[in-house]
Amino acid sequence: MRVIYFILVSMLAIVIPQAQALDIGDALKDAIQSTTAGETITGSKKASNSNAVKGEKKPAFNIQSPSKQEEIQLGREITGNLLGAAPLVNDVALQNYVNKVGRWVANQSERADLPWHFGVIESEDINAFAAPGGYVIITKGLYRKLDNEAQLAGVLAHEIAHVVKNHHLKIMQQSQLLDLGADLLGKQLAKDNQVIQKVIGSGAEVCARSLDKSAEFEADRMGVALTARAGYEPYGLPEVLQTIGQTGKDEGSVALLFKTHPHPDDRLVKLDDAIGNRLDKISGGKTLTERFYRLKN
Amino acid sequence: MKIYKLLLPLVVLFLPGLSLAAEMGSALKADVIRAEPYSDAKRTGNFARGDKLEILSKKGSWLKVKTAKDSGWVRLLSVKRGTSKGGNEAAGVLAVASGRAGTGQVVATTGVRGLNEEELKGAKYNAAEVKKLESYTQTSKQGGQFAKSGGLKAVKFAYLPESQKEGEK
């Protein structure tokens with residue numbers, strides 16, 4: 001498939017003047033890749049890259065293939081909006097603690113290069129959020145449910161996995177392809193901020209959007225692995241899922257979480273399938289209950 | 001089931017101070033009960049999906065449970081803790097019974113703001129909070145030092161495949 005596609009594009013590129021070749025290339029990619037769902041993003045990435053190179057001026061913010069700095073810029077914007085909905089808990093010791101745990105877990109991932117930021121926000125909702133570039137936010141309501149450092153590590157690891165796998169970036173890119181925003185990008189008319197606003201939409205609504213169920217399951221599996229890699233008792237995340245699973249579906253504090261995620265019971269069953277006896281060899285994982293930072297109120 | 005819900009709080013009330021007061025659970029899937037918390041330990045029984053269990057204690061990734069006919073150790077992930085399908089007081093009482101209440105886990109849900117879609121949608125960028133958030137940032141090295149001070153050691157461990165069955169294919 002790839003080879004045929006490459007040959008086609010190369011042939012067209014030779015025959016047709018450069019500028020047009022790219023457009024046709026795009027059309028071809030769409031045609032070819034619409035048959036392979038999920039591949040669209042990769043395709044457009046290449047196209048956008050060529051666009052960027054072709055452009056004479058500084059390329060506009062490139063959502064389809066953002067640089068690390070652009071990723072961070074995007075995540076910062078989303079997180080800033082989220083913090084506009086609920087500010088950080090005013091407890092420096094808590095925030096520092098969560099950043100230390102999170103940073104150590106993130107070090108075990110493929111994106112240890114990012115300047116990871118973690119925060120606990122003033123909300124009794126039970127939820128956690130991740131944004132591109134290494135921004136991870138958990139609510140005070142969720143923090144209350146935690147019993148030890150391994151559980152905190154597990155929750156943060158799930159969110160870290162979303163960032164590592166670009167899950168949120170991907171859904172933003174996908175909707176961008178469908179929306180008129182793609183047109184905006186193609187013409188390179190937009191300034192960075194305009195593009196970011198288009199991509200993010202209104203406020204922090206991105207945070208209320210569901211990912212694919214499979215993305216959540218993947219983040220669970222990666223979360224358990226990252227927790228284990230960090231030397232923690234790897235069942236931190238499943239334990240938290242068990243606790244959350246006890247919360248009634250009709251309780252407001254989990255309304256958004258349950259709406260945007262598969263039910264904790266389903267997540268546990270999927271995790272159990274994936275774990276099997278793989279964790280049996282892992283011993284000496286720590287919970288660090290004594291060091292766990294307890295909320296003052 | 002209904003009787004359970006009614007009786008449980010009563011039972012708990014009459015057994016104050018018993019740290020091992022029963023936490024209830026139900027089986028997420030059919031599984032084997034073993035004599036020891038190891039996967040090759042002797043089978044002492046089994047249960048079916050949905051069976052009610054009494055959770056006696058926890059050790060690593062294993063729970064000691066008691067069913068109507070058997071008792072022994074079972075993998076933590078095979079059991080859903082708590083009896084409630086919907087939210088009810090029993091869960092709260094159970095939390096008290098299992099000693100979790102002392103850890104600040106009782107959540108007050110009245111009169112606090114939620115994070116619903118409307119609120120998120122209408123949220124405005126807060127530059128001061130972003131600055132604050134970024135001021136807490138730790139470097140990779142600081143993370144490593146923190147781990148060391150807690151005796152944490154990085155372990156090599158591969159990401160889990162989608163399911164064990166697929167992994168074996």
# chains A, B, ... in the order shown; residues from 1 in each chain; ligands from 1
>>> closest_atom_pairs(of="chain B", to="chain A", cutoff="6 Å", atoms="only C-alpha atoms", output="JSON lines")
{"residue": "B:Leu77", "atom": "CA", "partner": "A:Asp272", "partner_atom": "CA", "distance": 5.8}
{"residue": "B:Gly82", "atom": "CA", "partner": "A:Gln246", "partner_atom": "CA", "distance": 6.0}
{"residue": "B:Gly86", "atom": "CA", "partner": "A:Gly248", "partner_atom": "CA", "distance": 4.3}
{"residue": "B:Gly87", "atom": "CA", "partner": "A:Gly248", "partner_atom": "CA", "distance": 3.6}
{"residue": "B:Gln105", "atom": "CA", "partner": "A:Arg144", "partner_atom": "CA", "distance": 5.3}
{"residue": "B:Gly114", "atom": "CA", "partner": "A:Asp125", "partner_atom": "CA", "distance": 5.5}
{"residue": "B:Glu117", "atom": "CA", "partner": "A:Ala208", "partner_atom": "CA", "distance": 5.7}
{"residue": "B:Leu120", "atom": "CA", "partner": "A:Ala204", "partner_atom": "CA", "distance": 4.8}
{"residue": "B:Lys121", "atom": "CA", "partner": "A:Glu205", "partner_atom": "CA", "distance": 4.5}
{"residue": "B:Gly122", "atom": "CA", "partner": "A:Gly203", "partner_atom": "CA", "distance": 5.4}
{"residue": "B:Ala123", "atom": "CA", "partner": "A:Gly203", "partner_atom": "CA", "distance": 4.7}
{"residue": "B:Lys124", "atom": "CA", "partner": "A:Gly84", "partner_atom": "CA", "distance": 5.0}
{"residue": "B:Tyr125", "atom": "CA", "partner": "A:Asn81", "partner_atom": "CA", "distance": 4.0}
{"residue": "B:Asn126", "atom": "CA", "partner": "A:Gly84", "partner_atom": "CA", "distance": 4.9}
{"residue": "B:Val130", "atom": "CA", "partner": "A:Gly80", "partner_atom": "CA", "distance": 5.6}
{"residue": "B:Tyr136", "atom": "CA", "partner": "A:Asn96", "partner_atom": "CA", "distance": 5.6}
{"residue": "B:Thr137", "atom": "CA", "partner": "A:His117", "partner_atom": "CA", "distance": 5.4}
{"residue": "B:Gly143", "atom": "CA", "partner": "A:Trp104", "partner_atom": "CA", "distance": 4.5}
{"residue": "B:Gly144", "atom": "CA", "partner": "A:Trp104", "partner_atom": "CA", "distance": 6.0}
{"residue": "B:Leu152", "atom": "CA", "partner": "A:Gly231", "partner_atom": "CA", "distance": 5.2}
{"residue": "B:Lys153", "atom": "CA", "partner": "A:Gly231", "partner_atom": "CA", "distance": 5.0}
{"residue": "B:Ala154", "atom": "CA", "partner": "A:Ala230", "partner_atom": "CA", "distance": 4.8}
{"residue": "B:Val155", "atom": "CA", "partner": "A:Arg229", "partner_atom": "CA", "distance": 4.5}
{"residue": "B:Lys156", "atom": "CA", "partner": "A:Arg229", "partner_atom": "CA", "distance": 5.8}
{"residue": "B:Phe157", "atom": "CA", "partner": "A:Arg229", "partner_atom": "CA", "distance": 5.7}
{"residue": "B:Tyr159", "atom": "CA", "partner": "A:Ala225", "partner_atom": "CA", "distance": 5.5}
{"residue": "B:Leu160", "atom": "CA", "partner": "A:Arg221", "partner_atom": "CA", "distance": 5.7}
{"residue": "B:Glu162", "atom": "CA", "partner": "A:Ala274", "partner_atom": "CA", "distance": 5.6}
{"residue": "B:Ser163", "atom": "CA", "partner": "A:Ala274", "partner_atom": "CA", "distance": 3.8}
{"residue": "B:Gln164", "atom": "CA", "partner": "A:Ala274", "partner_atom": "CA", "distance": 4.8}
>>> closest_residue(among="A:Leu74, A:Met172, A:Ala130, A:Ala150", to="Ala147 (chain B)", atoms="only C-alpha atoms")
A:Ala150
>>> residues_around(residues="Asp31 (chain B)", least_positions_apart="4", cutoff="7 Å", atoms="only C-alpha atoms", output="list in words")
Asn46, Phe47, Ala48 and Ser78 of chain B
>>> write_last_selection(atoms="N, CA and C atoms", output="PDB file, in the first residue's frame")
ATOM      1  N   ASN B  46     -13.935 -21.742  44.199  1.00  0.00           N
ATOM      2  CA  ASN B  46     -14.097 -20.824  43.073  1.00  0.00           C
ATOM      3  C   ASN B  46     -15.410 -20.050  43.204  1.00  0.00           C
ATOM      4  N   PHE B  47     -15.570 -19.054  42.371  1.00  0.00           N
ATOM      5  CA  PHE B  47     -16.826 -18.313  42.374  1.00  0.00           C
ATOM      6  C   PHE B  47     -17.192 -17.891  40.962  1.00  0.00           C
ATOM      7  N   ALA B  48     -18.452 -17.526  40.806  1.00  0.00           N
ATOM      8  CA  ALA B  48     -18.937 -17.114  39.488  1.00  0.00           C
ATOM      9  C   ALA B  48     -19.062 -15.599  39.440  1.00  0.00           C
ATOM     10  N   SER B  78     -10.186  -9.336  40.186  1.00  0.00           N
ATOM     11  CA  SER B  78     -11.378 -10.134  39.923  1.00  0.00           C
ATOM     12  C   SER B  78     -12.549  -9.686  40.776  1.00  0.00           C
TER      13      SER B  78
END
>>> closest_residue(among="A:Val240, A:Ile138, A:Val199, A:Ala128", to="Ile171 (chain A)", atoms="only C-alpha atoms")
A:Val199
>>> residues_around(residues="Val79 (chain B)", least_positions_apart="4", cutoff="10 Å", atoms="only C-alpha atoms", output="list of chain:residue names")
A:Gln242, A:Asp265, A:Leu268, A:Val269, B:Met24, B:Gly25, B:Ser26, B:Ala27, B:Leu28, B:Lys29, B:Ala30, B:Asp31, B:Arg49, B:Gly50, B:Asp51, B:Lys52, B:Leu53, B:Ile55, B:Trp62, B:Leu63, B:Val65, B:Val74, B:Arg75
